[in-house]
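Novice: My structure is in entry_26.pdb, and what it holds is PDB, C-alpha atoms:
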ATOM      1  CA  MET W  19      -6.787  65.517  51.169
ATOM      2  CA  LYS W  20      -7.937  65.709  47.549
ATOM      3  CA  THR W  21      -9.661  62.675  46.025
ATOM      4  CA  VAL W  22      -9.661  61.846  42.314
ATOM      5  CA  ILE W  23     -11.959  59.354  40.583
ATOM      6  CA  THR W  24     -11.811  57.799  37.132
ATOM      7  CA  TYR W  25     -13.829  55.162  35.253
ATOM      8  CA  GLY W  26     -12.942  52.540  32.672
ATOM      9  CA  THR W  27     -12.878  48.939  31.505
ATOM     10  CA  PHE W  28      -9.073  48.565  31.576
ATOM     11  CA  ASP W  29      -9.077  45.611  29.196
ATOM     12  CA  LEU W  30      -5.617  44.462  28.015
ATOM     13  CA  PHE W  31      -3.767  46.697  30.500
ATOM     14  CA  HIS W  32      -1.445  48.951  28.488
ATOM     15  CA  ILE W  33       0.781  52.041  28.735
ATOM     16  CA  GLY W  34      -2.172  54.350  28.022
ATOM     17  CA  HIS W  35      -3.880  53.058  31.174
ATOM     18  CA  VAL W  36      -0.701  53.545  33.232
ATOM     19  CA  ASN W  37      -0.220  57.106  31.933
ATOM     20  CA  LEU W  38      -3.830  58.023  32.681
ATOM     21  CA  LEU W  39      -3.741  56.541  36.198
ATOM     22  CA  LYS W  40      -0.436  58.277  36.974
ATOM     23  CA  ARG W  41      -1.674  61.666  35.774
ATOM     24  CA  ALA W  42      -5.043  61.236  37.506
ATOM     25  CA  ARG W  43      -3.316  60.409  40.809
ATOM     26  CA  SER W  44      -1.010  63.426  40.457
ATOM     27  CA  LEU W  45      -4.055  65.744  40.595
ATOM     28  CA  GLY W  46      -4.737  64.751  44.210
ATOM     29  CA  ASP W  47      -3.740  62.570  47.154
ATOM     30  CA  ARG W  48      -5.979  59.565  46.608
ATOM     31  CA  LEU W  49      -7.197  57.834  43.444
ATOM     32  CA  VAL W  50     -10.412  55.813  43.265
ATOM     33  CA  VAL W  51     -10.882  53.763  40.081
ATOM     34  CA  ALA W  52     -14.291  52.426  39.059
ATOM     35  CA  VAL W  53     -13.817  49.382  36.829
ATOM     36  CA  SER W  54     -16.826  48.406  34.725
ATOM     37  CA  THR W  55     -18.211  44.982  35.542
ATOM     38  CA  ASP W  56     -18.799  42.318  32.880
ATOM     39  CA  GLU W  57     -22.563  42.621  33.470
ATOM     40  CA  PHE W  58     -22.465  46.388  32.885
ATOM     41  CA  ASN W  59     -20.411  45.922  29.715
ATOM     42  CA  GLU W  60     -22.931  43.340  28.516
ATOM     43  CA  ARG W  61     -25.748  45.863  29.001
ATOM     44  CA  LYS W  62     -23.736  48.197  26.764
ATOM     45  CA  SER W  63     -23.406  45.355  24.175
ATOM     46  CA  LYS W  64     -19.681  45.278  24.821
ATOM     47  CA  ILE W  65     -17.464  42.469  25.996
ATOM     48  CA  SER W  66     -13.976  42.630  27.410
ATOM     49  CA  LEU W  67     -11.399  39.947  26.850
ATOM     50  CA  VAL W  68     -10.255  39.941  30.476
ATOM     51  CA  PRO W  69     -12.899  39.178  33.139
ATOM     52  CA  TYR W  70     -13.815  41.803  35.758
ATOM     53  CA  GLU W  71     -12.037  40.080  38.655
ATOM     54  CA  HIS W  72      -8.737  40.101  36.739
ATOM     55  CA  ARG W  73      -9.159  43.658  35.433
ATOM     56  CA  ALA W  74      -9.938  44.921  38.941
ATOM     57  CA  ALA W  75      -6.958  43.062  40.466
ATOM     58  CA  ILE W  76      -4.582  44.391  37.797
ATOM     59  CA  VAL W  77      -5.739  48.000  38.346
ATOM     60  CA  GLU W  78      -5.493  47.450  42.117
ATOM     61  CA  SER W  79      -1.877  46.329  41.717
ATOM     62  CA  CYS W  80      -0.975  49.680  40.126
ATOM     63  CA  ARG W  81       0.988  51.887  42.517
ATOM     64  CA  TYR W  82      -1.027  54.986  41.596
ATOM     65  CA  VAL W  83      -4.343  53.447  42.635
ATOM     66  CA  ASP W  84      -5.714  53.617  46.185
ATOM     67  CA  LEU W  85      -9.126  51.999  45.798
ATOM     68  CA  VAL W  86     -10.955  49.996  43.121
ATOM     69  CA  ILE W  87     -14.755  49.902  43.050
ATOM     70  CA  PRO W  88     -17.091  48.213  40.530
ATOM     71  CA  GLU W  89     -18.954  50.304  37.963
ATOM     72  CA  ASN W  90     -22.372  48.690  37.636
ATOM     73  CA  ASP W  91     -24.484  51.412  36.139
ATOM     74  CA  TRP W  92     -24.515  54.639  34.109
ATOM     75  CA  THR W  93     -26.123  56.537  36.979
ATOM     76  CA  GLN W  94     -23.740  55.766  39.833
ATOM     77  CA  LYS W  95     -21.182  58.523  39.144
ATOM     78  CA  LYS W  96     -22.954  61.213  41.160
ATOM     79  CA  ILE W  97     -23.370  58.815  44.097
ATOM     80  CA  ASP W  98     -19.695  57.771  43.898
ATOM     81  CA  ILE W  99     -18.595  61.427  43.892
ATOM     82  CA  VAL W 100     -20.552  62.130  47.068
ATOM     83  CA  THR W 101     -19.723  58.809  48.789
ATOM     84  CA  HIS W 102     -15.975  59.104  48.217
ATOM     85  CA  ASN W 103     -15.740  62.881  48.736
ATOM     86  CA  VAL W 104     -14.374  63.323  45.228
ATOM     87  CA  ASP W 105     -12.690  66.596  44.188
ATOM     88  CA  PHE W 106     -11.739  65.659  40.588
ATOM     89  CA  PHE W 107     -13.592  63.488  38.090
ATOM     90  CA  VAL W 108     -11.041  62.445  35.445
ATOM     91  CA  ILE W 109     -11.610  60.737  32.089
ATOM     92  CA  GLY W 110      -9.875  60.467  28.692
ATOM     93  CA  ASP W 111     -10.517  63.328  26.278
ATOM     94  CA  ASP W 112     -12.294  60.999  23.847
ATOM     95  CA  TRP W 113     -15.213  61.738  26.217
ATOM     96  CA  LYS W 114     -14.685  65.542  26.080
ATOM     97  CA  GLY W 115     -17.863  67.431  27.028
ATOM     98  CA  LYS W 116     -19.801  64.263  27.833
ATOM     99  CA  PHE W 117     -19.522  64.595  31.610
ATOM    100  CA  ASP W 118     -19.782  68.364  32.023
ATOM    101  CA  ASP W 119     -22.967  67.924  34.086
ATOM    102  CA  LEU W 120     -20.848  66.433  36.884
ATOM    103  CA  SER W 121     -19.124  69.805  37.392
ATOM    104  CA  GLU W 122     -22.017  70.603  39.694
ATOM    105  CA  TYR W 123     -20.471  68.116  42.147
ATOM    106  CA  CYS W 124     -16.693  68.330  41.512
ATOM    107  CA  GLU W 125     -14.097  69.486  38.983
ATOM    108  CA  VAL W 126     -14.308  67.599  35.680
ATOM    109  CA  VAL W 127     -10.949  66.990  33.950
ATOM    110  CA  TYR W 128     -10.532  65.489  30.466
ATOM    111  CA  LEU W 129      -7.013  64.063  30.114
ATOM    112  CA  GLU W 130      -5.298  63.688  26.762
ATOM    113  CA  ARG W 131      -5.055  60.038  25.725
ATOM    114  CA  THR W 132      -1.720  58.412  24.943
ATOM    115  CA  GLU W 133      -1.328  58.580  21.164
ATOM    116  CA  ASN W 134      -1.876  55.406  19.131
ATOM    117  CA  ILE W 135      -2.596  53.253  22.183
ATOM    118  CA  SER W 136      -5.906  51.651  23.067
ATOM    119  CA  SER W 137      -7.223  48.169  23.838
ATOM    120  CA  THR W 138      -8.718  48.148  20.332
ATOM    121  CA  ALA W 139      -5.365  49.045  18.751
ATOM    122  CA  MET W 140      -3.734  46.246  20.718
ATOM    123  CA  ARG W 141      -6.247  43.678  19.509
ATOM    124  CA  GLU W 142      -5.796  44.864  15.934
ATOM    125  CA  ALA W 143      -2.023  44.602  16.267
ATOM    126  CA  ILE W 144      -2.378  41.043  17.533
ATOM    127  CA  LEU W 145      -4.434  40.139  14.477
ATOM    128  CA  VAL W 146      -1.907  41.665  12.091
ATOM    129  CA  PHE W 147       0.986  39.922  13.834
ATOM    130  CA  THR W 148      -0.825  36.610  13.705
ATOM    131  CA  GLN W 149      -1.621  36.999  10.035
ATOM    132  CA  LEU W 150       2.039  37.700   9.395
ATOM    133  CA  GLY W 151       2.800  34.429  11.164
ATOM    134  CA  LYS W 152       5.160  36.044  13.669
ATOM    135  CA  ASP W 153       6.367  33.829  16.482
ATOM    136  CA  LEU W 154       4.938  35.849  19.355
ATOM    137  CA  ILE W 155       6.136  35.069  22.862
TER     138      ILE W 155
ATOM    139  CA  MET C   3      17.007  43.334  53.746
ATOM    140  CA  LYS C   4      16.285  40.422  51.411
ATOM    141  CA  THR C   5      16.313  41.032  47.654
ATOM    142  CA  VAL C   6      14.327  39.002  45.135
ATOM    143  CA  ILE C   7      14.871  38.974  41.362
ATOM    144  CA  THR C   8      12.737  37.659  38.526
ATOM    145  CA  TYR C   9      12.922  37.692  34.713
ATOM    146  CA  GLY C  10      10.358  37.873  31.953
ATOM    147  CA  THR C  11       8.936  39.537  28.870
ATOM    148  CA  PHE C  12       5.664  40.684  30.488
ATOM    149  CA  ASP C  13       3.861  41.045  27.174
ATOM    150  CA  LEU C  14       0.098  41.794  27.431
ATOM    151  CA  PHE C  15       0.251  42.397  31.195
ATOM    152  CA  HIS C  16      -2.189  39.952  32.841
ATOM    153  CA  ILE C  17      -3.267  38.528  36.198
ATOM    154  CA  GLY C  18      -0.600  35.791  36.014
ATOM    155  CA  HIS C  19       2.080  38.507  35.937
ATOM    156  CA  VAL C  20       0.506  40.314  38.908
ATOM    157  CA  ASN C  21       0.256  37.092  40.937
ATOM    158  CA  LEU C  22       3.870  36.189  40.219
ATOM    159  CA  LEU C  23       5.178  39.668  41.076
ATOM    160  CA  LYS C  24       3.153  39.765  44.304
ATOM    161  CA  ARG C  25       4.356  36.340  45.441
ATOM    162  CA  ALA C  26       7.946  37.092  44.411
ATOM    163  CA  ARG C  27       7.910  40.345  46.401
ATOM    164  CA  SER C  28       6.479  38.567  49.456
ATOM    165  CA  LEU C  29       9.618  36.409  49.662
ATOM    166  CA  GLY C  30      11.726  39.455  50.544
ATOM    167  CA  ASP C  31      11.853  43.215  51.057
ATOM    168  CA  ARG C  32      12.796  44.370  47.563
ATOM    169  CA  LEU C  33      11.904  43.066  44.112
ATOM    170  CA  VAL C  34      14.091  43.592  41.046
ATOM    171  CA  VAL C  35      12.487  42.674  37.710
ATOM    172  CA  ALA C  36      14.570  42.108  34.588
ATOM    173  CA  VAL C  37      12.414  42.735  31.518
ATOM    174  CA  SER C  38      13.699  41.261  28.264
ATOM    175  CA  THR C  39      14.511  43.850  25.616
ATOM    176  CA  ASP C  40      13.130  43.672  22.083
ATOM    177  CA  GLU C  41      16.664  43.027  20.778
ATOM    178  CA  PHE C  42      17.141  40.096  23.148
ATOM    179  CA  ASN C  43      13.757  38.648  22.140
ATOM    180  CA  GLU C  44      14.735  39.008  18.497
ATOM    181  CA  ARG C  45      17.912  37.007  19.149
ATOM    182  CA  LYS C  46      15.644  34.295  20.576
ATOM    183  CA  SER C  47      13.495  34.510  17.395
ATOM    184  CA  LYS C  48      10.623  35.853  19.476
ATOM    185  CA  ILE C  49       8.708  39.072  19.197
ATOM    186  CA  SER C  50       6.469  40.731  21.747
ATOM    187  CA  LEU C  51       3.419  42.739  20.847
ATOM    188  CA  VAL C  52       4.214  45.529  23.310
ATOM    189  CA  PRO C  53       7.586  47.316  22.895
ATOM    190  CA  TYR C  54      10.203  47.143  25.672
ATOM    191  CA  GLU C  55       9.731  50.745  26.852
ATOM    192  CA  HIS C  56       6.024  50.132  27.457
ATOM    193  CA  ARG C  57       6.525  46.701  29.043
ATOM    194  CA  ALA C  58       9.176  48.120  31.397
ATOM    195  CA  ALA C  59       6.969  51.109  32.351
ATOM    196  CA  ILE C  60       3.964  48.872  33.036
ATOM    197  CA  VAL C  61       6.014  46.541  35.277
ATOM    198  CA  GLU C  62       7.514  49.605  36.998
ATOM    199  CA  SER C  63       4.009  50.892  37.760
ATOM    200  CA  CYS C  64       3.210  47.697  39.702
ATOM    201  CA  ARG C  65       3.219  48.314  43.452
ATOM    202  CA  TYR C  66       5.157  45.090  44.148
ATOM    203  CA  VAL C  67       8.128  46.131  42.005
ATOM    204  CA  ASP C  68      11.041  48.197  43.329
ATOM    205  CA  LEU C  69      13.386  48.252  40.336
ATOM    206  CA  VAL C  70      13.194  47.332  36.639
ATOM    207  CA  ILE C  71      16.345  46.498  34.703
ATOM    208  CA  PRO C  72      16.713  45.382  31.068
ATOM    209  CA  GLU C  73      17.506  41.758  30.257
ATOM    210  CA  ASN C  74      19.875  41.863  27.311
ATOM    211  CA  ASP C  75      21.532  38.502  27.389
ATOM    212  CA  TRP C  76      21.304  34.877  28.554
ATOM    213  CA  THR C  77      24.456  35.238  30.615
ATOM    214  CA  GLN C  78      23.656  38.280  32.735
ATOM    215  CA  LYS C  79      21.778  36.492  35.539
ATOM    216  CA  LYS C  80      24.870  35.670  37.610
ATOM    217  CA  ILE C  81      26.109  39.252  37.282
ATOM    218  CA  ASP C  82      22.679  40.653  38.241
ATOM    219  CA  ILE C  83      22.549  38.402  41.317
ATOM    220  CA  VAL C  84      25.902  39.690  42.534
ATOM    221  CA  THR C  85      25.302  43.345  41.530
ATOM    222  CA  HIS C  86      21.933  43.588  43.252
ATOM    223  CA  ASN C  87      22.815  41.419  46.283
ATOM    224  CA  VAL C  88      20.057  38.982  45.396
ATOM    225  CA  ASP C  89      18.847  36.415  47.946
ATOM    226  CA  PHE C  90      16.090  34.754  45.877
ATOM    227  CA  PHE C  91      15.966  34.072  42.132
ATOM    228  CA  VAL C  92      12.292  33.506  41.268
ATOM    229  CA  ILE C  93      10.771  32.184  38.039
ATOM    230  CA  GLY C  94       7.586  30.393  36.894
ATOM    231  CA  ASP C  95       7.588  26.613  37.310
ATOM    232  CA  ASP C  96       7.389  26.119  33.543
ATOM    233  CA  TRP C  97      11.185  26.606  33.891
ATOM    234  CA  LYS C  98      11.509  24.036  36.720
ATOM    235  CA  GLY C  99      15.053  22.711  36.993
ATOM    236  CA  LYS C 100      16.397  25.002  34.265
ATOM    237  CA  PHE C 101      18.084  27.471  36.619
ATOM    238  CA  ASP C 102      19.325  25.122  39.341
ATOM    239  CA  ASP C 103      22.926  26.140  38.589
ATOM    240  CA  LEU C 104      22.168  29.585  40.042
ATOM    241  CA  SER C 105      21.692  28.031  43.507
ATOM    242  CA  GLU C 106      25.449  28.450  43.869
ATOM    243  CA  TYR C 107      24.769  32.211  44.161
ATOM    244  CA  CYS C 108      21.330  32.461  45.825
ATOM    245  CA  GLU C 109      18.165  30.488  46.572
ATOM    246  CA  VAL C 110      16.307  29.417  43.397
ATOM    247  CA  VAL C 111      12.497  29.372  43.697
ATOM    248  CA  TYR C 112      10.123  28.062  41.023
ATOM    249  CA  LEU C 113       6.659  29.566  41.558
ATOM    250  CA  GLU C 114       3.499  27.874  40.351
ATOM    251  CA  ARG C 115       1.989  29.682  37.391
ATOM    252  CA  THR C 116      -1.599  30.983  37.450
ATOM    253  CA  GLU C 117      -3.729  28.326  35.777
ATOM    254  CA  ASN C 118      -4.957  28.933  32.214
ATOM    255  CA  ILE C 119      -3.346  32.372  31.955
ATOM    256  CA  SER C 120      -0.468  33.350  29.706
ATOM    257  CA  SER C 121       0.261  35.958  27.042
ATOM    258  CA  THR C 122      -0.176  33.194  24.453
ATOM    259  CA  ALA C 123      -3.586  32.227  25.865
ATOM    260  CA  MET C 124      -4.624  35.884  25.734
ATOM    261  CA  ARG C 125      -3.642  36.217  22.093
ATOM    262  CA  GLU C 126      -5.500  33.013  21.254
ATOM    263  CA  ALA C 127      -8.600  34.280  23.072
ATOM    264  CA  ILE C 128      -8.460  37.515  21.080
ATOM    265  CA  LEU C 129      -8.399  35.546  17.838
ATOM    266  CA  VAL C 130     -11.361  33.406  18.855
ATOM    267  CA  PHE C 131     -13.357  36.451  19.965
ATOM    268  CA  THR C 132     -12.617  38.237  16.721
ATOM    269  CA  GLN C 133     -13.629  35.229  14.655
ATOM    270  CA  LEU C 134     -16.886  35.099  16.579
ATOM    271  CA  GLY C 135     -17.408  38.738  15.610
ATOM    272  CA  LYS C 136     -17.839  39.875  19.203
ATOM    273  CA  ASP C 137     -17.998  43.607  19.762
ATOM    274  CA  LEU C 138     -14.941  43.900  21.989
ATOM    275  CA  ILE C 139     -14.441  47.124  23.912
TER     276      ILE C 139
END
So, in terms of structure tokens, how does the structure I just supplied come out?

Specialist:
Amino acid sequence: MKTVITYGTFDLFHIGHVNLLKRARSLGDRLVVAVSTDEFNERKSKISLVPYEHRAAIVESCRYVDLVIPENDWTQKKIDIVTHNVDFFVIGDDWKGKFDDLSEYCEVVYLERTENISSTAMREAILVFTQLGKDLI
Amino acid sequence: MKTVITYGTFDLFHIGHVNLLKRARSLGDRLVVAVSTDEFNERKSKISLVPYEHRAAIVESCRYVDLVIPENDWTQKKIDIVTHNVDFFVIGDDWKGKFDDLSEYCEVVYLERTENISSTAMREAILVFTQLGKDLI
């Protein structure tokens, strides 16, 4: 039984999230996803559009996900890896090299992001569409 | 084996979508979801932010969904109900009464929508956040 873990905010759930979760799950038999809480985001001077409870429930509803846990702190990764018997720590390659220190505890895998898709890109697209006066559903 | 069907655009996948899919699936043993194509939306003078291929893949990744089919036309519902041996046609109660004619073919169920959540509300929230200059993730 190989366990995979990944971390993220998962705001405005999009195809990039689905692709990452699917590929992360395919590396093992069980996928744990740590979703950053609103309080943790606030400490990072970030805010998500969708509240934690909704983001966690949406990720939990994804067929590739076995367990959702809250991410409350920068330092919890090592504890999570031990607690959940993690074999693979997976994250998007925009973080390449940033989590190499975790390779002491498990294999660290940087997955290629889906091109042109991010929560930021989605928000920007919404703005452009609105400015164009499109009748969005 | 009871089959449930529902229809929608599923733009900006949110907790209201998850709740509806979960409750729809709980009415039977198999859930078919018809996702409206971009061409069909265009004929209705609507446009979604997320393209059909992504919307369909996101809905397909939901653990409550067994099959995704495209919705191309207003008239296909009766054919879908027969083709997929549907027992329950499910839709949000903002459409209450609008699909009563389908009760000739199967049971028609209007499900209560999740309060204060819709793709429109999400787009509006994004605009407000952006105007406030919040540092969204």

Novice: Distance limit 8 Å, atoms considered: only C-alpha atoms. Which chain W residues sit that close to chain C? Return them as an NGL selection string.

Specialist: :W and (27 or 29-33 or 36 or 63-67 or 72-73 or 75-76 or 79-82 or 137-138 or 140-141 or 143-145 or 147 or 152-155)

Novice: For the residues in that selection, give me C-alpha atoms as a JSON list (two decimals), in the coordinates of the input.

Specialist:
[["chain", "number", "residue", "atom", "x", "y", "z"],
["W", 27, "THR", "CA", -12.88, 48.94, 31.50],
["W", 29, "ASP", "CA", -9.08, 45.61, 29.20],
["W", 30, "LEU", "CA", -5.62, 44.46, 28.02],
["W", 31, "PHE", "CA", -3.77, 46.70, 30.50],
["W", 32, "HIS", "CA", -1.44, 48.95, 28.49],
["W", 33, "ILE", "CA", 0.78, 52.04, 28.74],
["W", 36, "VAL", "CA", -0.70, 53.54, 33.23],
["W", 63, "SER", "CA", -23.41, 45.36, 24.18],
["W", 64, "LYS", "CA", -19.68, 45.28, 24.82],
["W", 65, "ILE", "CA", -17.46, 42.47, 26.00],
["W", 66, "SER", "CA", -13.98, 42.63, 27.41],
["W", 67, "LEU", "CA", -11.40, 39.95, 26.85],
["W", 72, "HIS", "CA", -8.74, 40.10, 36.74],
["W", 73, "ARG", "CA", -9.16, 43.66, 35.43],
["W", 75, "ALA", "CA", -6.96, 43.06, 40.47],
["W", 76, "ILE", "CA", -4.58, 44.39, 37.80],
["W", 79, "SER", "CA", -1.88, 46.33, 41.72],
["W", 80, "CYS", "CA", -0.98, 49.68, 40.13],
["W", 81, "ARG", "CA", 0.99, 51.89, 42.52],
["W", 82, "TYR", "CA", -1.03, 54.99, 41.60],
["W", 137, "SER", "CA", -7.22, 48.17, 23.84],
["W", 138, "THR", "CA", -8.72, 48.15, 20.33],
["W", 140, "MET", "CA", -3.73, 46.25, 20.72],
["W", 141, "ARG", "CA", -6.25, 43.68, 19.51],
["W", 143, "ALA", "CA", -2.02, 44.60, 16.27],
["W", 144, "ILE", "CA", -2.38, 41.04, 17.53],
["W", 145, "LEU", "CA", -4.43, 40.14, 14.48],
["W", 147, "PHE", "CA", 0.99, 39.92, 13.83],
["W", 152, "LYS", "CA", 5.16, 36.04, 13.67],
["W", 153, "ASP", "CA", 6.37, 33.83, 16.48],
["W", 154, "LEU", "CA", 4.94, 35.85, 19.36],
["W", 155, "ILE", "CA", 6.14, 35.07, 22.86]]

Novice: How many Å separate CA of Asp56 in chain W from CA of Asn118 in chain C?

Specialist: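 Computed distance, CA of Asp56 in chain W to CA of Asn118 in chain C, equals 19.3 Å.
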
Novice: Could you tell me how far CA of Glu89 in chain W sits from CA of Ala52 in chain W, in Å to one decimal place?

Specialist: 5.2 Å

Novice: Measuring atom to atom with all atoms listed in the file, identify which of C:Thr5, C:Thr116, C:Ser105, C:Asn87 is nearest to Arg32 in chain C.

Specialist: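 When distances to Arg32 in chain C are compared using all atoms listed in the file, the smallest one comes from C:Thr5.
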
Novice: Between CA of Asn90 in chain W and CA of Ile119 in chain C, measure the distance and give it in Å to one decimal.

Specialist: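 Answer for the CA of Asn90 in chain W to CA of Ile119 in chain C separation: 25.7 Å.
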
Novice: With chain C held fixed, move chain W onto it by a least-squares fit of all C-alpha atoms in order and give the output as a CSV table (one decimal) with C-alpha atoms, in the coordinates of the input.

Specialist:
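Writing done, so here's selection16.csv:
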chain,number,residue,atom,x,y,z
W,19,MET,CA,17.0,43.3,53.7
W,20,LYS,CA,16.3,40.4,51.4
W,21,THR,CA,16.3,41.0,47.7
W,22,VAL,CA,14.3,39.0,45.1
W,23,ILE,CA,14.9,39.0,41.4
W,24,THR,CA,12.7,37.7,38.5
W,25,TYR,CA,12.9,37.7,34.7
W,26,GLY,CA,10.4,37.9,32.0
W,27,THR,CA,8.9,39.5,28.9
W,28,PHE,CA,5.7,40.7,30.5
W,29,ASP,CA,3.9,41.0,27.2
W,30,LEU,CA,0.1,41.8,27.4
W,31,PHE,CA,0.2,42.4,31.2
W,32,HIS,CA,-2.2,40.0,32.8
W,33,ILE,CA,-3.3,38.5,36.2
W,34,GLY,CA,-0.6,35.8,36.0
W,35,HIS,CA,2.1,38.5,35.9
W,36,VAL,CA,0.5,40.3,38.9
W,37,ASN,CA,0.3,37.1,40.9
W,38,LEU,CA,3.9,36.2,40.2
W,39,LEU,CA,5.2,39.7,41.1
W,40,LYS,CA,3.1,39.8,44.3
W,41,ARG,CA,4.4,36.3,45.4
W,42,ALA,CA,8.0,37.1,44.4
W,43,ARG,CA,7.9,40.3,46.4
W,44,SER,CA,6.5,38.6,49.4
W,45,LEU,CA,9.6,36.4,49.7
W,46,GLY,CA,11.7,39.4,50.5
W,47,ASP,CA,11.8,43.2,51.1
W,48,ARG,CA,12.8,44.4,47.6
W,49,LEU,CA,11.9,43.1,44.1
W,50,VAL,CA,14.1,43.6,41.0
W,51,VAL,CA,12.5,42.7,37.7
W,52,ALA,CA,14.6,42.1,34.6
W,53,VAL,CA,12.4,42.7,31.5
W,54,SER,CA,13.7,41.3,28.3
W,55,THR,CA,14.5,43.9,25.6
W,56,ASP,CA,13.1,43.7,22.1
W,57,GLU,CA,16.7,43.0,20.8
W,58,PHE,CA,17.1,40.1,23.2
W,59,ASN,CA,13.8,38.7,22.2
W,60,GLU,CA,14.7,39.0,18.5
W,61,ARG,CA,17.9,37.0,19.2
W,62,LYS,CA,15.6,34.3,20.6
W,63,SER,CA,13.5,34.5,17.4
W,64,LYS,CA,10.6,35.8,19.5
W,65,ILE,CA,8.7,39.1,19.2
W,66,SER,CA,6.5,40.7,21.8
W,67,LEU,CA,3.4,42.7,20.9
W,68,VAL,CA,4.2,45.5,23.3
W,69,PRO,CA,7.6,47.3,22.9
W,70,TYR,CA,10.2,47.2,25.7
W,71,GLU,CA,9.7,50.7,26.8
W,72,HIS,CA,6.0,50.1,27.5
W,73,ARG,CA,6.5,46.7,29.0
W,74,ALA,CA,9.2,48.1,31.4
W,75,ALA,CA,7.0,51.1,32.3
W,76,ILE,CA,4.0,48.9,33.0
W,77,VAL,CA,6.0,46.5,35.3
W,78,GLU,CA,7.5,49.6,37.0
W,79,SER,CA,4.0,50.9,37.8
W,80,CYS,CA,3.2,47.7,39.7
W,81,ARG,CA,3.2,48.3,43.4
W,82,TYR,CA,5.2,45.1,44.1
W,83,VAL,CA,8.1,46.1,42.0
W,84,ASP,CA,11.0,48.2,43.3
W,85,LEU,CA,13.4,48.3,40.3
W,86,VAL,CA,13.2,47.3,36.6
W,87,ILE,CA,16.3,46.5,34.7
W,88,PRO,CA,16.7,45.4,31.1
W,89,GLU,CA,17.5,41.8,30.3
W,90,ASN,CA,19.9,41.9,27.3
W,91,ASP,CA,21.5,38.5,27.4
W,92,TRP,CA,21.3,34.9,28.6
W,93,THR,CA,24.5,35.2,30.6
W,94,GLN,CA,23.7,38.3,32.7
W,95,LYS,CA,21.8,36.5,35.5
W,96,LYS,CA,24.9,35.7,37.6
W,97,ILE,CA,26.1,39.3,37.3
W,98,ASP,CA,22.7,40.6,38.2
W,99,ILE,CA,22.6,38.4,41.3
W,100,VAL,CA,25.9,39.7,42.5
W,101,THR,CA,25.3,43.3,41.5
W,102,HIS,CA,21.9,43.6,43.3
W,103,ASN,CA,22.8,41.4,46.3
W,104,VAL,CA,20.1,39.0,45.4
W,105,ASP,CA,18.8,36.4,48.0
W,106,PHE,CA,16.1,34.7,45.9
W,107,PHE,CA,16.0,34.1,42.1
W,108,VAL,CA,12.3,33.5,41.3
W,109,ILE,CA,10.8,32.2,38.0
W,110,GLY,CA,7.6,30.4,36.9
W,111,ASP,CA,7.6,26.6,37.3
W,112,ASP,CA,7.4,26.1,33.5
W,113,TRP,CA,11.2,26.6,33.9
W,114,LYS,CA,11.5,24.0,36.7
W,115,GLY,CA,15.1,22.7,37.0
W,116,LYS,CA,16.4,25.0,34.3
W,117,PHE,CA,18.1,27.5,36.6
W,118,ASP,CA,19.3,25.1,39.3
W,119,ASP,CA,22.9,26.2,38.6
W,120,LEU,CA,22.2,29.6,40.0
W,121,SER,CA,21.7,28.0,43.5
W,122,GLU,CA,25.4,28.5,43.9
W,123,TYR,CA,24.8,32.2,44.2
W,124,CYS,CA,21.3,32.5,45.8
W,125,GLU,CA,18.1,30.5,46.6
W,126,VAL,CA,16.3,29.4,43.4
W,127,VAL,CA,12.5,29.4,43.7
W,128,TYR,CA,10.1,28.1,41.0
W,129,LEU,CA,6.6,29.6,41.5
W,130,GLU,CA,3.5,27.9,40.3
W,131,ARG,CA,2.0,29.7,37.4
W,132,THR,CA,-1.6,31.0,37.4
W,133,GLU,CA,-3.7,28.3,35.8
W,134,ASN,CA,-4.9,28.9,32.2
W,135,ILE,CA,-3.3,32.4,32.0
W,136,SER,CA,-0.5,33.4,29.7
W,137,SER,CA,0.3,36.0,27.0
W,138,THR,CA,-0.2,33.2,24.4
W,139,ALA,CA,-3.6,32.2,25.9
W,140,MET,CA,-4.6,35.9,25.7
W,141,ARG,CA,-3.7,36.2,22.1
W,142,GLU,CA,-5.5,33.0,21.3
W,143,ALA,CA,-8.6,34.3,23.1
W,144,ILE,CA,-8.5,37.5,21.1
W,145,LEU,CA,-8.4,35.5,17.9
W,146,VAL,CA,-11.4,33.4,18.9
W,147,PHE,CA,-13.4,36.4,20.0
W,148,THR,CA,-12.6,38.2,16.7
W,149,GLN,CA,-13.7,35.2,14.7
W,150,LEU,CA,-16.9,35.1,16.6
W,151,GLY,CA,-17.4,38.7,15.6
W,152,LYS,CA,-17.8,39.9,19.2
W,153,ASP,CA,-18.0,43.6,19.7
W,154,LEU,CA,-14.9,43.9,22.0
W,155,ILE,CA,-14.4,47.2,23.9

Novice: Going by the chain IDs and residue numbers used in this file, which residues fall under the PyMOL selection byres ((chain C and resi 76-80) around 9)? Write them as a short mmCIF file (atom, residue, chain, number, x, y, z; two decimals) with C-alpha atoms, in the frame of the given file.

Specialist:
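And here is the file that came out, out_17.cif:
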data_model
loop_
_atom_site.label_atom_id
_atom_site.label_comp_id
_atom_site.auth_asym_id
_atom_site.auth_seq_id
_atom_site.Cartn_x
_atom_site.Cartn_y
_atom_site.Cartn_z
CA TYR C 9 12.92 37.69 34.71
CA PHE C 42 17.14 40.10 23.15
CA GLU C 73 17.51 41.76 30.26
CA ASN C 74 19.88 41.86 27.31
CA ASP C 75 21.53 38.50 27.39
CA ILE C 81 26.11 39.25 37.28
CA ASP C 82 22.68 40.65 38.24
CA ILE C 83 22.55 38.40 41.32
CA VAL C 84 25.90 39.69 42.53
CA THR C 85 25.30 43.34 41.53
CA LEU C 104 22.17 29.58 40.04
CA TYR C 107 24.77 32.21 44.16
#
